[in-house]
Amino acid sequence: MRGGLWQLGQTITRRLGQSDKKTIARRCYASEADLKKTVLYDFHVANGGKMVPFAGWSMPIQYKDSIMESTINCRENGSLFDVSHMCGLSLKGKDCVPFLEKLVVADVAGLAPGTGSLTVFTNEKGGAIDDSVITKVTDDHIYLVVNAGCRDKDLAHIEEHMKAFKAKGGDVSWHIYDERSLLALQGPLSGSTLQHLTKEDLSKMYFGEFRIIDINGAKCFLTRTGYTGEDGFEISVPSENAVDLAKAILEKSEGKVRLTGLGARDSLRLEAGLCLYGNDMEQHTTPVEAGLTWAIGKRRRAEGGFLGAEVILKQIADGPAIRRVGLFSTGPPARSHSEIQNENGENIGEVTSGGFSPCLKKNIGMGYVKSGLHKPGTKVKIVIRGKTYEGSVTKMPFVPTKYYKPT
């Protein structure tokens, strides 16, 4: 969703506090009948979820807590998100790794079984089709999750290349997990809370690792990862067990882990300096420009072999023309597409995400500026609704990450 979920959530909160709630309901939820619903839909509504259209789904933007409160509670205690609108799938077969390496920039072959990484699907021009967390389950099984808004184009892209690969004798097949739901448990209490529901020793499972284990009596795919900068897990659970698992997690946390919507998820990922596809990365943006060069494996830089490799490897060697940066700004929070100027008032780029940081109590944002003007401390001006406000380039993440790693 362009423009920022945080901003949408603030608008809905403000409007729902006003008298004409029927008008707001019609305006915000007019297409409700056409939207897909996760198996947790009734559970969300029963718990006060404010449902909004997102990527063709009816999803909770927030619950009874404000987005500010939810964001802070995630960092202090924990949050449970329904992210079942996202698309999980497996690639299987003895050639699934070389097949996937034609489409993404990661060194998939170099991953140890049971580990994963953020990666980017690229097009022939080196642009990002989508970002994804991929996991090598075994040498002949890859599990990955793609964004809800990119599902149709991602699956069509994978299928097109899979047909050509198989026509040449390649051994690869796929399964899309429409029968499963996806929960994200995030925050400092996520490990201790989830430990109550499984016999697996989660203290020995580190950031980026994957297991297939029983949780609350259901066979789950568990990845220690997330989209908040906090320690946490994404749990793929059979849909018939999803509501029971959500209830069990909330119960075991004794009320400290709270249901959290997409509004706080957006502010959390922005504080963590993480890209939102469709805002901070698009089909014309390369991983190098987006600051994701670290996700391009060393072997892949040497060998190439993925779509758009020539463009991307040249940018690594010569430097890109633009770069993604973090921003602090004064005045109202910067919005997507706000112009960024240098101190002389000349255009040097644009904001791609912005909002008020609940944790830092100040405006933060990210965007793209011309190379050379990307260094932390560079003074800029940001144009918001025709007015110019002072700002500066800063390092990301804005809030330190707390991923669970070996000491």
# chains A, B, ... in the order shown; residues from 1 in each chain; ligands from 1
call {"tool": "residues_around", "arguments": {"residues": "Ala148 (chain A)", "least_positions_apart": "5", "cutoff": "9 Å", "atoms": "only C-alpha atoms", "output": "PyMOL selection string"}}
result
chain A and resi 54-57+83-87
call {"tool": "write_last_selection", "arguments": {"atoms": "C-alpha atoms", "output": "PDB file, in the first residue's frame"}}
result
ATOM      1  CA  PHE A  54      -4.666  -4.363   2.032  1.00  0.00           C
ATOM      2  CA  ALA A  55      -3.312  -6.163  -1.065  1.00  0.00           C
ATOM      3  CA  GLY A  56      -6.746  -7.651  -1.750  1.00  0.00           C
ATOM      4  CA  TRP A  57      -7.254  -8.833   1.844  1.00  0.00           C
ATOM      5  CA  VAL A  83       0.528 -12.176   8.186  1.00  0.00           C
ATOM      6  CA  SER A  84      -1.416 -14.968   6.472  1.00  0.00           C
ATOM      7  CA  HIS A  85      -1.972 -12.714   3.462  1.00  0.00           C
ATOM      8  CA  MET A  86       1.670 -13.356   2.555  1.00  0.00           C
ATOM      9  CA  CYS A  87       2.442 -16.314   0.305  1.00  0.00           C
TER      10      CYS A  87
END
call {"tool": "select_by_dssp", "arguments": {"residues": "region 190-388 of chain A", "states": "strand (DSSP E)", "output": "PyMOL selection string"}}
result
chain A and resi 210-215+218-223+232-238+257-259+322-329+339-341+347-357+362-370+379-384+387-388
call {"tool": "atom_distance", "arguments": {"atom1": "CA of Leu313 (chain A)", "atom2": "CA of Ser353 (chain A)"}}
result
26.9 Å
call {"tool": "residues_around", "arguments": {"residues": "Val383 (chain A)", "least_positions_apart": "2", "cutoff": "12 Å", "atoms": "only C-alpha atoms", "output": "ChimeraX atom specification"}}
result
/A:329-342,345-351,380-381,385-391
call {"tool": "select_by_dssp", "arguments": {"residues": "region 189-391 of chain A", "states": "helix (DSSP H, G or I)", "output": "ChimeraX atom specification"}}
result
/A:190-195,202-204,239-252,262-271,293-295,298-303,309-318
call {"tool": "residues_around", "arguments": {"residues": "Arg269 (chain A)", "least_positions_apart": "3", "cutoff": "7 Å", "atoms": "only C-alpha atoms", "output": "MDAnalysis selection string"}}
result
chainID A and resid 227:229 265:266 272:274
call {"tool": "residues_around", "arguments": {"residues": "Tyr277 (chain A)", "least_positions_apart": "6", "cutoff": "9 Å", "atoms": "only C-alpha atoms", "output": "JSON, numbers by chain"}}
result
{"A": [1, 128, 129, 130, 131, 147, 149, 150]}
call {"tool": "residues_around", "arguments": {"residues": "Arg300 (chain A)", "least_positions_apart": "2", "cutoff": "9 Å", "atoms": "only C-alpha atoms", "output": "ChimeraX atom specification"}}
result
/A:101,105-107,296-298,302-306,309
call {"tool": "closest_atom_pairs", "arguments": {"of": "region 20-106 of chain A", "to": "region 166-172 of chain A", "cutoff": "10 Å", "atoms": "only C-alpha atoms", "output": "CSV"}}
result
residue,atom,partner,partner_atom,distance
A:Leu91,CA,A:Val172,CA,6.6
A:Lys92,CA,A:Val172,CA,5.5
A:Gly93,CA,A:Val172,CA,4.5
A:Lys94,CA,A:Asp171,CA,5.8
A:Asp95,CA,A:Asp171,CA,5.1
A:Cys96,CA,A:Val172,CA,5.1
A:Val97,CA,A:Val172,CA,8.9
A:Pro98,CA,A:Gly170,CA,9.2
A:Phe99,CA,A:Val172,CA,7.5
A:Leu100,CA,A:Val172,CA,9.6
call {"tool": "residues_around", "arguments": {"residues": "region 181-195 of chain A", "least_positions_apart": "5", "cutoff": "8 Å", "atoms": "only C-alpha atoms", "output": "ChimeraX atom specification"}}
result
/A:38-39,74-86,200-203,226,228,230-239,242,246,249,252-253,257
call {"tool": "atom_distance", "arguments": {"atom1": "CA of Lys405 (chain A)", "atom2": "CA of Arg224 (chain A)"}}
result
10.1 Å
call {"tool": "atom_distance", "arguments": {"atom1": "CA of His374 (chain A)", "atom2": "CA of Met396 (chain A)"}}
result
11.9 Å
call {"tool": "closest_residue", "arguments": {"among": "A:Val133, A:Leu360, A:Ala248, A:Ile176", "to": "Ser267 (chain A)", "atoms": "only C-alpha atoms"}}
result
A:Leu360
